[in-house]
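Beneath this line is the structure, given in structure tokens, with notes to follow.
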Amino acid sequence: MLSAISDRWIVAGSAATAIGALWAPDVPWWCGAAALIAGAARRTRVLLPAGLLLLAAAAMGQQAQNLSEAAGGSFDGEAVIVADPHWRQGALTVPVSVEIQGREHRWEGWSRGAAAYGLEDAAVGEHWRISGVAETAEPRDRPFLWPRHYAGQAQIHTARRTDGGSAPFRLANAVRGLIERSSASLSPRDAALLAGFVYGDDRGQLAEVVHDFRATALTHLLAVSGSNVAFVLLLAAPLLIRLRPVMRLGAVAVLLGQFAVLTRGEPSVLRACVLATLAVGAQSLGRRASAVRLLALAIIVLLLIDPLLVRSVGFQLSVAATAAIVAGTRRIAALLWGPQWIRLPLAATLAAQIGVLPVQLAVFGSLPLVSIPANVLAGPLAGPAMVWGLVAGLAGGLAGDAVASFLHLPTQVMLGWVAAVARWGAAAGWPQIETSEVAAVVIVVVGCVATALLARRRFAGAPAIAVVVAAIGIWIVASGQRGALPSSEHLSVGGIDPTVVVIDRPDAARALDQLATAGIDDIDVLIARSASRAGREAVRAVHERHSVARVLAPVSLGGLVRYSAVTGPTPVGDLVVDAIGERLSVSPAVASP
């Protein structure tokens, strides 16, 4: 029956499913089911998208109701780790699933002290005995917590591991352990990059590497995506082709399901795994299915199962990039010169960049222009680095450090190349593509086309319209550039002579981002107000990437860099730095430029 429905109706259904999940009117599920059944008939195809819209809306309504009915309070019992722990703002974030007042929900757990250090090495799927206090999400926090299925936040007071969880999670964590063990022969930078390329773990990335990848829009290389799924299937192909069609479909579903567990179920991985499973299923049934049809079906399946995915930026970027690659690669390749093996990868990269541009601009406000050549240079090695990193990581983890060091020689070369491209792009200083500029270009292009059509019909006001459209475009660009000042959330800059940078609420990567935005290279005095783990990392990263003449910090900062410990009032230009407990105070207040 599904084969009788044309691609255009499947695509319309996927768009309707996304709209229903976003709109989420309060409708019963049986309305959507009835419309979907009626839409199966050839003469009432228009009801097919309507049915999917209503089903997605009902599913989203159910999800929202489930999260809104969560009850907070004290808890002490069995919990499951649902995402890898990571340090943030001096505390350990540990997402957990725990039962409170007879209902089980996911919570964004926070922990400090002994409990945090005990949970630091916790892995997804493990069972822990924890105690603490949970609070449901406030309306202002729901847009950030609910898309991740978190009912709220929980303070974890005590934690004790009980077991390693179910078999798929044990296997996934064992594979991660082998690859991590083999990466001991690599530098800290390359070891962290290997974890990102193979299974999407970006927790150990150096702050300067995070800054470089952000500045060149290469962060998607550290998030496992469709290319990784394709390479996994390629590795397993010699075994899969020997199986009968039905057995092959089952083996692919199990393999990709385990890979999704390994990569922690990232939205881009889920999209790729479902799409690949559908493709193998169609082949097993002897049916031909276009890439557009498979992508649309994957969107429908995923959003009906988990409609909250529609609000995930990772899912939006993955769908946008895949759709652009499917629709535009061949067309763009036809416009390029050179052999096909160069034109097709380049065209795919350009298509993906065009596809994600609207999402990038809507979410982040800008896109670095250098991302286009950076992706062209780094992209071709991302896949081989993932495949070889996986093979060498497993073999090296089993064989020992000596073998791992030898096997990871190609890994070092490939990861070093990608890191060098990111570093070059971050230092190149190319301009950003701003939302206002794109809006202005769109308005001007549309206006010019409309003016040309009016002029062809000899409309007397066409020149005036052209002038107005151009003025609107210039005004949009100018208004978008005003107020483009660096954020002062993580650092402040004061004083022209000397240049003083004060790091507070430290986030090392964001501090580097803001220094780059402010155009600051040389720093006369770097003041670290905090000696926390994040504060030490921020000082190290800024000192690594910038010329810093002097560092002022609390006594307990440690020996990462040479610094002057502040124990009493210390004048710095027109400022006074003093020690208050384990932090520094700076007076008068330092203003952002």
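Every chain in the structure tokens has a letter given in the order shown (A, B, ...), and although residue numbers restart at 1 in each chain, ligands are simply numbered from 1 in the order shown.
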Pick out the residues sitting within 12 Å of Ala191 (chain A), and hand them over as a ChimeraX atom specification; count only C-alpha atoms, and ignore anything fewer than 2 positions along from it in its own chain.
-> /A:179-189,193-198,201-206,389,393,405,408,411-412,415-416
Write out the residues from the selection above, keeping N, CA and C atoms, as a PDB file, in the first residue's frame.
```
ATOM      1  N   ILE A 179      38.554   1.881  22.773  1.00  0.00           N
ATOM      2  CA  ILE A 179      39.053   2.983  21.939  1.00  0.00           C
ATOM      3  C   ILE A 179      39.752   4.020  22.807  1.00  0.00           C
ATOM      4  N   GLU A 180      39.211   4.294  23.977  1.00  0.00           N
ATOM      5  CA  GLU A 180      39.844   5.251  24.879  1.00  0.00           C
ATOM      6  C   GLU A 180      41.202   4.732  25.353  1.00  0.00           C
ATOM      7  N   ARG A 181      41.284   3.422  25.616  1.00  0.00           N
ATOM      8  CA  ARG A 181      42.551   2.836  26.055  1.00  0.00           C
ATOM      9  C   ARG A 181      43.595   2.937  24.949  1.00  0.00           C
ATOM     10  N   SER A 182      43.179   2.693  23.709  1.00  0.00           N
ATOM     11  CA  SER A 182      44.134   2.756  22.603  1.00  0.00           C
ATOM     12  C   SER A 182      44.616   4.167  22.332  1.00  0.00           C
ATOM     13  N   SER A 183      43.821   5.173  22.689  1.00  0.00           N
ATOM     14  CA  SER A 183      44.189   6.566  22.413  1.00  0.00           C
ATOM     15  C   SER A 183      45.191   7.120  23.409  1.00  0.00           C
ATOM     16  N   ALA A 184      45.638   6.295  24.374  1.00  0.00           N
ATOM     17  CA  ALA A 184      46.634   6.770  25.338  1.00  0.00           C
ATOM     18  C   ALA A 184      47.940   7.142  24.645  1.00  0.00           C
ATOM     19  N   SER A 185      48.176   6.562  23.461  1.00  0.00           N
ATOM     20  CA  SER A 185      49.408   6.870  22.732  1.00  0.00           C
ATOM     21  C   SER A 185      49.310   8.191  21.967  1.00  0.00           C
ATOM     22  N   LEU A 186      48.126   8.761  21.885  1.00  0.00           N
ATOM     23  CA  LEU A 186      47.920  10.017  21.160  1.00  0.00           C
ATOM     24  C   LEU A 186      48.071  11.202  22.092  1.00  0.00           C
ATOM     25  N   SER A 187      48.247  12.374  21.507  1.00  0.00           N
ATOM     26  CA  SER A 187      48.270  13.596  22.301  1.00  0.00           C
ATOM     27  C   SER A 187      46.884  13.856  22.863  1.00  0.00           C
ATOM     28  N   PRO A 188      46.755  14.663  23.926  1.00  0.00           N
ATOM     29  CA  PRO A 188      45.421  14.958  24.469  1.00  0.00           C
ATOM     30  C   PRO A 188      44.473  15.523  23.413  1.00  0.00           C
ATOM     31  N   ARG A 189      45.005  16.356  22.521  1.00  0.00           N
ATOM     32  CA  ARG A 189      44.148  16.909  21.465  1.00  0.00           C
ATOM     33  C   ARG A 189      43.627  15.824  20.548  1.00  0.00           C
ATOM     34  N   LEU A 193      39.836  14.316  19.907  1.00  0.00           N
ATOM     35  CA  LEU A 193      39.265  14.357  18.559  1.00  0.00           C
ATOM     36  C   LEU A 193      38.851  12.966  18.097  1.00  0.00           C
ATOM     37  N   LEU A 194      39.638  11.954  18.440  1.00  0.00           N
ATOM     38  CA  LEU A 194      39.290  10.583  18.059  1.00  0.00           C
ATOM     39  C   LEU A 194      37.953  10.175  18.662  1.00  0.00           C
ATOM     40  N   ALA A 195      37.750  10.491  19.932  1.00  0.00           N
ATOM     41  CA  ALA A 195      36.471  10.173  20.570  1.00  0.00           C
ATOM     42  C   ALA A 195      35.318  10.901  19.886  1.00  0.00           C
ATOM     43  N   GLY A 196      35.554  12.132  19.462  1.00  0.00           N
ATOM     44  CA  GLY A 196      34.505  12.877  18.768  1.00  0.00           C
ATOM     45  C   GLY A 196      34.204  12.315  17.396  1.00  0.00           C
ATOM     46  N   PHE A 197      35.236  11.947  16.650  1.00  0.00           N
ATOM     47  CA  PHE A 197      35.030  11.442  15.295  1.00  0.00           C
ATOM     48  C   PHE A 197      34.374  10.069  15.297  1.00  0.00           C
ATOM     49  N   VAL A 198      34.759   9.198  16.227  1.00  0.00           N
ATOM     50  CA  VAL A 198      34.287   7.813  16.190  1.00  0.00           C
ATOM     51  C   VAL A 198      32.902   7.675  16.805  1.00  0.00           C
ATOM     52  N   ASP A 201      31.754  11.856  21.190  1.00  0.00           N
ATOM     53  CA  ASP A 201      31.971  12.335  22.552  1.00  0.00           C
ATOM     54  C   ASP A 201      32.881  13.555  22.497  1.00  0.00           C
ATOM     55  N   ASP A 202      32.327  14.730  22.796  1.00  0.00           N
ATOM     56  CA  ASP A 202      33.108  15.969  22.708  1.00  0.00           C
ATOM     57  C   ASP A 202      33.472  16.529  24.077  1.00  0.00           C
ATOM     58  N   ARG A 203      33.354  15.735  25.131  1.00  0.00           N
ATOM     59  CA  ARG A 203      33.579  16.262  26.477  1.00  0.00           C
ATOM     60  C   ARG A 203      35.037  16.602  26.748  1.00  0.00           C
ATOM     61  N   GLY A 204      35.972  15.880  26.146  1.00  0.00           N
ATOM     62  CA  GLY A 204      37.378  16.100  26.463  1.00  0.00           C
ATOM     63  C   GLY A 204      38.088  17.052  25.527  1.00  0.00           C
ATOM     64  N   GLN A 205      37.357  17.756  24.668  1.00  0.00           N
ATOM     65  CA  GLN A 205      38.006  18.640  23.709  1.00  0.00           C
ATOM     66  C   GLN A 205      38.685  19.818  24.413  1.00  0.00           C
ATOM     67  N   LEU A 206      39.897  20.153  23.961  1.00  0.00           N
ATOM     68  CA  LEU A 206      40.579  21.328  24.476  1.00  0.00           C
ATOM     69  C   LEU A 206      39.804  22.574  24.071  1.00  0.00           C
ATOM     70  N   GLY A 389      39.931   5.147  12.755  1.00  0.00           N
ATOM     71  CA  GLY A 389      39.961   5.327  14.206  1.00  0.00           C
ATOM     72  C   GLY A 389      39.208   4.231  14.924  1.00  0.00           C
ATOM     73  N   GLY A 393      41.305   1.698  16.882  1.00  0.00           N
ATOM     74  CA  GLY A 393      40.987   1.830  18.297  1.00  0.00           C
ATOM     75  C   GLY A 393      40.635   0.494  18.929  1.00  0.00           C
ATOM     76  N   SER A 405      50.099   2.384  19.259  1.00  0.00           N
ATOM     77  CA  SER A 405      50.935   3.500  18.791  1.00  0.00           C
ATOM     78  C   SER A 405      51.215   3.382  17.297  1.00  0.00           C
ATOM     79  N   HIS A 408      47.860   3.848  15.186  1.00  0.00           N
ATOM     80  CA  HIS A 408      47.296   5.201  15.204  1.00  0.00           C
ATOM     81  C   HIS A 408      48.168   6.237  14.483  1.00  0.00           C
ATOM     82  N   THR A 411      46.014   7.746  12.029  1.00  0.00           N
ATOM     83  CA  THR A 411      45.032   8.536  12.775  1.00  0.00           C
ATOM     84  C   THR A 411      45.597   9.904  13.112  1.00  0.00           C
ATOM     85  N   GLN A 412      46.843   9.948  13.569  1.00  0.00           N
ATOM     86  CA  GLN A 412      47.467  11.221  13.915  1.00  0.00           C
ATOM     87  C   GLN A 412      47.547  12.147  12.715  1.00  0.00           C
ATOM     88  N   LEU A 415      43.817  13.344  11.824  1.00  0.00           N
ATOM     89  CA  LEU A 415      43.296  14.269  12.828  1.00  0.00           C
ATOM     90  C   LEU A 415      44.110  15.546  12.865  1.00  0.00           C
ATOM     91  N   GLY A 416      45.423  15.430  12.666  1.00  0.00           N
ATOM     92  CA  GLY A 416      46.266  16.629  12.630  1.00  0.00           C
ATOM     93  C   GLY A 416      45.903  17.541  11.478  1.00  0.00           C
TER      94      GLY A 416
END
```
Just the residues within 9 Å of region 112-119 of chain A, please, counting only C-alpha atoms, with nothing from its chain fewer than 5 positions along; format it as JSON, numbers by chain.
-> {"A": [85, 90, 91, 92, 93, 94, 155, 156, 157, 158, 159, 160, 161]}
Interatomic distance (Å, one decimal) between CA of Val500 (chain A) and CA of Gly573 (chain A) = 8.7 Å
Surrounding residues of Ala251 (chain A) excluding itself and chain neighbours under 6 positions, 10 Å, only C-alpha atoms, as a list in words = Ala236, Leu239, Leu240, Leu243, Pro245, Gly257 and Thr277 of chain A
Just the helix (DSSP H, G or I) stuff from region 278-368 of chain A, please, per backbone DSSP, written as JSON, numbers by chain.
-> {"A": [278, 279, 280, 281, 282, 283, 284, 291, 292, 293, 294, 295, 296, 297, 298, 299, 300, 301, 302, 303, 304, 305, 307, 308, 309, 310, 311, 313, 314, 315, 316, 317, 318, 319, 320, 321, 322, 323, 324, 325, 326, 327, 328, 329, 330, 331, 332, 333, 334, 335, 340, 341, 342, 343, 344, 345, 346, 347, 348, 349, 350, 351, 352, 353, 354, 355, 356, 357, 358, 359, 360, 361, 362, 363, 364]}
Hey, what does DSSP flag as strand (DSSP E or B) within region 36-147 of chain A? Can you give it to me as a VMD selection string?
-> chain A and resid 73 to 81 86 to 88 91 to 100 103 to 111 127 to 136
Would you kindly return, as a list in words, each protein, DNA or RNA residue with an atom no farther than 9 Å from any atom of Leu256 (chain A), considering only C-alpha atoms and excluding same-chain residues fewer than 6 positions away?
-> Val229, Val232, Leu233, Cys273, Val274, Ala276 and Thr277 of chain A
Take the selection from the previous step and output its residues with N, CA and C atoms, as a PDB file, in the first residue's frame.
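Below you can see selection.pdb, which holds the result:
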```pdb
ATOM      1  N   VAL A 229      27.323   6.409   9.837  1.00  0.00           N
ATOM      2  CA  VAL A 229      26.468   5.228   9.682  1.00  0.00           C
ATOM      3  C   VAL A 229      26.800   4.505   8.374  1.00  0.00           C
ATOM      4  N   VAL A 232      29.972   2.522   8.828  1.00  0.00           N
ATOM      5  CA  VAL A 232      29.748   1.338   9.647  1.00  0.00           C
ATOM      6  C   VAL A 232      29.152   0.220   8.794  1.00  0.00           C
ATOM      7  N   LEU A 233      28.172   0.566   7.961  1.00  0.00           N
ATOM      8  CA  LEU A 233      27.586  -0.438   7.063  1.00  0.00           C
ATOM      9  C   LEU A 233      28.621  -0.939   6.052  1.00  0.00           C
ATOM     10  N   CYS A 273      20.234   6.249  11.028  1.00  0.00           N
ATOM     11  CA  CYS A 273      19.979   4.825  11.254  1.00  0.00           C
ATOM     12  C   CYS A 273      18.610   4.411  10.719  1.00  0.00           C
ATOM     13  N   VAL A 274      17.593   5.226  10.975  1.00  0.00           N
ATOM     14  CA  VAL A 274      16.258   4.907  10.472  1.00  0.00           C
ATOM     15  C   VAL A 274      16.242   4.946   8.945  1.00  0.00           C
ATOM     16  N   ALA A 276      18.770   4.439   6.876  1.00  0.00           N
ATOM     17  CA  ALA A 276      19.502   3.285   6.345  1.00  0.00           C
ATOM     18  C   ALA A 276      18.696   2.004   6.492  1.00  0.00           C
ATOM     19  N   THR A 277      18.005   1.838   7.622  1.00  0.00           N
ATOM     20  CA  THR A 277      17.182   0.647   7.818  1.00  0.00           C
ATOM     21  C   THR A 277      16.046   0.591   6.807  1.00  0.00           C
TER      22      THR A 277
END
```
